[in-house]
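Shown below: data.cif, with mmCIF, C-alpha atoms.
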data_final
loop_
_atom_site.group_PDB
_atom_site.id
_atom_site.type_symbol
_atom_site.label_atom_id
_atom_site.label_comp_id
_atom_site.auth_asym_id
_atom_site.auth_seq_id
_atom_site.Cartn_x
_atom_site.Cartn_y
_atom_site.Cartn_z
ATOM 1 C CA MET H 407 45.424 -14.466 -15.394
ATOM 2 C CA THR H 408 42.128 -16.158 -14.519
ATOM 3 C CA ALA H 409 42.003 -18.046 -11.211
ATOM 4 C CA THR H 410 40.253 -21.427 -10.867
ATOM 5 C CA TRP H 411 39.303 -23.824 -8.091
ATOM 6 C CA ARG H 412 42.845 -25.196 -8.361
ATOM 7 C CA ASP H 413 44.022 -21.946 -6.750
ATOM 8 C CA LEU H 414 42.057 -22.571 -3.543
ATOM 9 C CA ASN H 415 45.035 -23.265 -1.253
ATOM 10 C CA ALA H 416 47.041 -20.345 -2.609
ATOM 11 C CA LEU H 417 44.018 -18.069 -2.146
ATOM 12 C CA ARG H 418 43.579 -19.286 1.444
ATOM 13 C CA ARG H 419 47.193 -18.328 2.203
ATOM 14 C CA LEU H 420 46.735 -14.930 0.574
ATOM 15 C CA GLU H 421 43.502 -14.188 2.450
ATOM 16 C CA LYS H 422 45.085 -15.069 5.799
ATOM 17 C CA ALA H 423 48.153 -12.939 5.076
ATOM 18 C CA CYS H 424 46.136 -9.935 3.917
ATOM 19 C CA PHE H 425 43.021 -10.042 6.072
ATOM 20 C CA LYS H 426 43.965 -12.075 9.158
ATOM 21 C CA GLU H 427 40.797 -12.338 11.294
ATOM 22 C CA ASP H 428 38.623 -11.098 8.421
ATOM 23 C CA ALA H 429 39.816 -13.828 6.016
ATOM 24 C CA TRP H 430 36.998 -15.651 4.300
ATOM 25 C CA PRO H 431 36.179 -19.253 5.265
ATOM 26 C CA ILE H 432 37.046 -21.984 2.784
ATOM 27 C CA TRP H 433 33.461 -22.296 1.456
ATOM 28 C CA ASP H 434 33.337 -18.613 0.484
ATOM 29 C CA LEU H 435 36.721 -18.906 -1.223
ATOM 30 C CA LEU H 436 35.572 -21.967 -3.144
ATOM 31 C CA GLY H 437 32.453 -20.065 -4.198
ATOM 32 C CA VAL H 438 34.387 -17.049 -5.448
ATOM 33 C CA LEU H 439 36.572 -19.409 -7.483
ATOM 34 C CA THR H 440 33.702 -21.382 -9.048
ATOM 35 C CA LEU H 441 30.398 -19.485 -9.148
ATOM 36 C CA PRO H 442 29.249 -18.078 -12.495
ATOM 37 C CA GLY H 443 29.236 -14.335 -13.037
ATOM 38 C CA VAL H 444 32.419 -13.747 -11.030
ATOM 39 C CA VAL H 445 35.522 -12.193 -12.542
ATOM 40 C CA ARG H 446 38.454 -13.843 -10.763
ATOM 41 C CA LEU H 447 41.996 -12.781 -11.503
ATOM 42 C CA LYS H 448 45.315 -13.704 -9.977
ATOM 43 C CA ALA H 449 48.765 -12.171 -10.184
ATOM 44 C CA MET H 450 51.657 -14.620 -10.370
ATOM 45 C CA VAL H 451 55.364 -14.161 -9.628
ATOM 46 C CA GLU H 452 57.708 -17.075 -10.276
ATOM 47 C CA GLY H 453 54.810 -19.534 -10.260
ATOM 48 C CA ASP H 454 53.269 -18.305 -7.000
ATOM 49 C CA MET H 455 50.032 -16.373 -6.528
ATOM 50 C CA VAL H 456 50.919 -12.980 -5.050
ATOM 51 C CA GLY H 457 47.621 -11.180 -5.637
ATOM 52 C CA PHE H 458 43.944 -11.866 -6.256
ATOM 53 C CA ILE H 459 40.802 -9.908 -7.054
ATOM 54 C CA ALA H 460 37.207 -11.033 -7.567
ATOM 55 C CA GLY H 461 34.337 -8.998 -8.959
ATOM 56 C CA ASP H 462 30.732 -10.150 -8.643
ATOM 57 C CA GLU H 463 28.578 -8.997 -11.558
ATOM 58 C CA ARG H 464 25.007 -8.061 -10.693
ATOM 59 C CA ARG H 465 23.668 -7.294 -14.131
ATOM 60 C CA SER H 466 20.058 -6.855 -12.986
ATOM 61 C CA GLU H 467 21.283 -3.985 -10.774
ATOM 62 C CA GLN H 468 23.770 -2.685 -13.389
ATOM 63 C CA LEU H 469 26.343 -2.905 -10.613
ATOM 64 C CA ALA H 470 29.362 -5.004 -9.704
ATOM 65 C CA TRP H 471 31.046 -5.561 -6.355
ATOM 66 C CA ILE H 472 34.748 -6.127 -5.806
ATOM 67 C CA VAL H 473 34.214 -8.803 -3.189
ATOM 68 C CA THR H 474 37.816 -9.557 -2.288
ATOM 69 C CA PHE H 475 41.118 -8.019 -3.308
ATOM 70 C CA GLY H 476 44.542 -8.561 -1.817
ATOM 71 C CA VAL H 477 48.251 -8.587 -2.573
ATOM 72 C CA PHE H 478 50.794 -10.267 -0.288
ATOM 73 C CA PRO H 479 52.452 -7.550 1.816
ATOM 74 C CA ALA H 480 55.915 -8.307 0.369
ATOM 75 C CA PHE H 481 54.567 -7.544 -3.127
ATOM 76 C CA GLN H 482 52.565 -4.403 -2.344
ATOM 77 C CA ARG H 483 53.451 -1.008 -3.843
ATOM 78 C CA GLN H 484 54.854 -2.638 -6.985
ATOM 79 C CA GLY H 485 51.876 -1.994 -9.269
ATOM 80 C CA ILE H 486 50.372 -5.466 -8.866
ATOM 81 C CA GLY H 487 47.232 -4.195 -7.149
ATOM 82 C CA SER H 488 46.736 -1.438 -9.723
ATOM 83 C CA THR H 489 47.085 -3.930 -12.559
ATOM 84 C CA LEU H 490 44.614 -6.357 -10.982
ATOM 85 C CA LEU H 491 42.078 -3.625 -10.250
ATOM 86 C CA ALA H 492 42.289 -2.120 -13.754
ATOM 87 C CA GLU H 493 41.871 -5.512 -15.426
ATOM 88 C CA CYS H 494 38.970 -6.496 -13.167
ATOM 89 C CA GLU H 495 37.198 -3.196 -13.871
ATOM 90 C CA ALA H 496 37.674 -3.709 -17.624
ATOM 91 C CA GLN H 497 36.200 -7.207 -17.474
ATOM 92 C CA LEU H 498 33.234 -6.196 -15.321
ATOM 93 C CA ASP H 499 32.127 -3.512 -17.815
ATOM 94 C CA LEU H 500 29.132 -2.316 -15.805
ATOM 95 C CA PRO H 501 28.037 1.286 -15.094
ATOM 96 C CA ALA H 502 29.110 1.165 -11.429
ATOM 97 C CA ILE H 503 31.470 -0.833 -9.256
ATOM 98 C CA ARG H 504 31.375 -0.899 -5.461
ATOM 99 C CA LEU H 505 33.631 -2.299 -2.767
ATOM 100 C CA SER H 506 34.070 -2.105 0.972
ATOM 101 C CA VAL H 507 37.270 -1.334 2.838
ATOM 102 C CA ARG H 508 38.325 -0.905 6.448
ATOM 103 C CA ARG H 509 38.257 2.738 7.444
ATOM 104 C CA SER H 510 41.867 2.387 8.699
ATOM 105 C CA ASN H 511 43.268 0.866 5.483
ATOM 106 C CA GLU H 512 44.983 4.011 4.220
ATOM 107 C CA ALA H 513 47.013 2.272 1.496
ATOM 108 C CA ALA H 514 43.886 0.741 -0.057
ATOM 109 C CA LEU H 515 41.963 3.994 0.261
ATOM 110 C CA GLN H 516 44.720 5.851 -1.606
ATOM 111 C CA LEU H 517 44.627 3.265 -4.413
ATOM 112 C CA TYR H 518 40.851 3.442 -4.715
ATOM 113 C CA LYS H 519 40.875 7.252 -4.713
ATOM 114 C CA LYS H 520 43.473 7.185 -7.504
ATOM 115 C CA PHE H 521 41.120 4.940 -9.488
ATOM 116 C CA GLY H 522 38.167 7.294 -8.999
ATOM 117 C CA TYR H 523 36.233 5.586 -6.198
ATOM 118 C CA ARG H 524 34.175 7.779 -3.872
ATOM 119 C CA GLU H 525 32.545 7.017 -0.512
ATOM 120 C CA VAL H 526 28.809 6.329 -0.799
ATOM 121 C CA ASN H 527 28.013 4.621 2.513
ATOM 122 C CA VAL H 528 29.401 3.441 5.853
ATOM 123 C CA TRP H 529 28.646 0.038 7.354
ATOM 124 C CA SER H 530 29.129 0.529 11.081
ATOM 125 C CA ASN H 531 30.981 -2.157 13.053
ATOM 126 C CA TYR H 532 31.282 -4.338 9.932
ATOM 127 C CA TYR H 533 34.697 -5.888 10.455
ATOM 128 C CA VAL H 534 36.099 -7.971 13.286
ATOM 129 C CA GLY H 535 37.012 -5.552 16.056
ATOM 130 C CA LYS H 536 33.918 -3.467 15.224
ATOM 131 C CA GLU H 537 35.716 -1.289 12.700
ATOM 132 C CA ASP H 538 33.534 0.454 10.133
ATOM 133 C CA ALA H 539 33.597 -0.443 6.449
ATOM 134 C CA LEU H 540 33.587 2.403 3.982
ATOM 135 C CA VAL H 541 31.546 1.555 0.900
ATOM 136 C CA LEU H 542 33.134 3.098 -2.171
ATOM 137 C CA GLU H 543 31.736 3.379 -5.667
ATOM 138 C CA LYS H 544 33.120 4.188 -9.081
ATOM 139 C CA LYS H 545 30.859 5.179 -11.933
ATOM 140 C CA SER H 546 31.969 4.032 -15.350
ATOM 141 C CA SER H 547 32.911 6.725 -17.826
ATOM 142 C CA ARG H 548 31.443 4.622 -20.638
ATOM 143 C CA ARG H 549 28.033 3.093 -21.020
ATOM 144 C CA SER H 550 27.885 -0.617 -20.395
ATOM 145 C CA ARG H 551 27.130 -2.734 -23.436
ATOM 146 C CA PHE H 552 24.593 -4.533 -21.236
ATOM 147 C CA GLN H 553 22.248 -1.580 -20.747
#

How does this structure look as structure tokens?
Amino acid sequence: MTATWRDLNALRRLEKACFKEDAWPIWDLLGVLTLPGVVRLKAMVEGDMVGFIAGDERRSEQLAWIVTFGVFPAFQRQGIGSTLLAECEAQLDLPAIRLSVRRSNEAALQLYKKFGYREVNVWSNYYVGKEDALVLEKKSSRRSRFQ
């Protein structure tokens, strides 16, 4: 389901629950919910947002970035993240998709590996607490219709 600016407060709660000190400020969240060229999807359970993913299309680079992706801890390992990621990838439809993830986030790394992402870079000291970000990339198995 597509998220809109009306989901701002729910997204703020999700970001804080999933990312704690790395949660985005309100202006970045508002941007991801309103700027053009962003795929923004939410997962709902009983009327509440339990997951969110946003993909930023950079058509001039033939590349997209998953800029934020989280599922409330109580709803993890139920297929919600896999469903969100698969749908976001399908809507982005570009030759490559990248994302960054904390080196210590084993659960996320397992999901991304299952989806075919591979490490292409490391951003040293990227996150709060000076933890590295692993930059992962997935090449599309089909040619983008935008090439």

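Proximity ranking of H:Phe521, H:Gly443, H:Leu490, H:Val526 relative to H:Ser466 places H:Gly443 first, based on only C-alpha atoms.
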
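Relative to atom CA of H:Asn527, atom CA of H:Phe458 is found at 24.5 Å.
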
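The residues caught by the PyMOL selection byres ((chain H and resi 447) around 8) in this file are H:Met407, H:Thr408, H:Ala409, H:Val445, H:Arg446, H:Lys448, H:Ala449, H:Phe458, H:Ile459, H:Ala460, H:Leu490, H:Cys494.
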
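Atom CA of H:Val444 is found 23.9 Å from atom CA of H:Lys520.
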
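Against the coordinates shown, the PyMOL selection byres ((chain H and resi 434) around 12) returns H:Trp411, H:Leu414, H:Leu417, H:Arg418, H:Glu421, H:Ala429, H:Trp430, H:Pro431, H:Ile432, H:Trp433, H:Leu435, H:Leu436, H:Gly437, H:Val438, H:Leu439, H:Thr440, H:Leu441, H:Ala460, H:Val473, H:Thr474.
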
Matched chain/residue IDs from the PyMOL selection byres ((chain H and resi 508-512) around 7), as a ChimeraX atom specification: /H:507,513-516,537-540

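Residue nearest H:Leu542, chosen from H:Phe475, H:Tyr523, H:Trp529, H:Phe425 and counting all atoms listed in the file: H:Tyr523.
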
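Nearest-residue note for H:Phe481: choosing from H:Ser546, H:Gly457, H:Asn415, H:Val528, the minimum distance belongs to H:Gly457, counting all atoms listed in the file.
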
Selection: 12 Å around H:Ala496, only C-alpha atoms, excl. self and same-chain fewer than 4 positions, as a compact mmCIF listing (two decimals) with C-alpha atoms, in the coordinates of the input:
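Result written to selection-v8.txt:
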# COMPACT_ATOMS: atom_id res chain seq x y z
CA VAL H 445 35.52 -12.19 -12.54
CA LEU H 447 42.00 -12.78 -11.50
CA GLY H 461 34.34 -9.00 -8.96
CA ALA H 470 29.36 -5.00 -9.70
CA THR H 489 47.08 -3.93 -12.56
CA LEU H 490 44.61 -6.36 -10.98
CA LEU H 491 42.08 -3.62 -10.25
CA ALA H 492 42.29 -2.12 -13.75
CA LEU H 500 29.13 -2.32 -15.80
CA PRO H 501 28.04 1.29 -15.09
CA ALA H 502 29.11 1.16 -11.43
CA ILE H 503 31.47 -0.83 -9.26
CA SER H 546 31.97 4.03 -15.35
CA SER H 547 32.91 6.72 -17.83
CA ARG H 548 31.44 4.62 -20.64
CA SER H 550 27.88 -0.62 -20.40
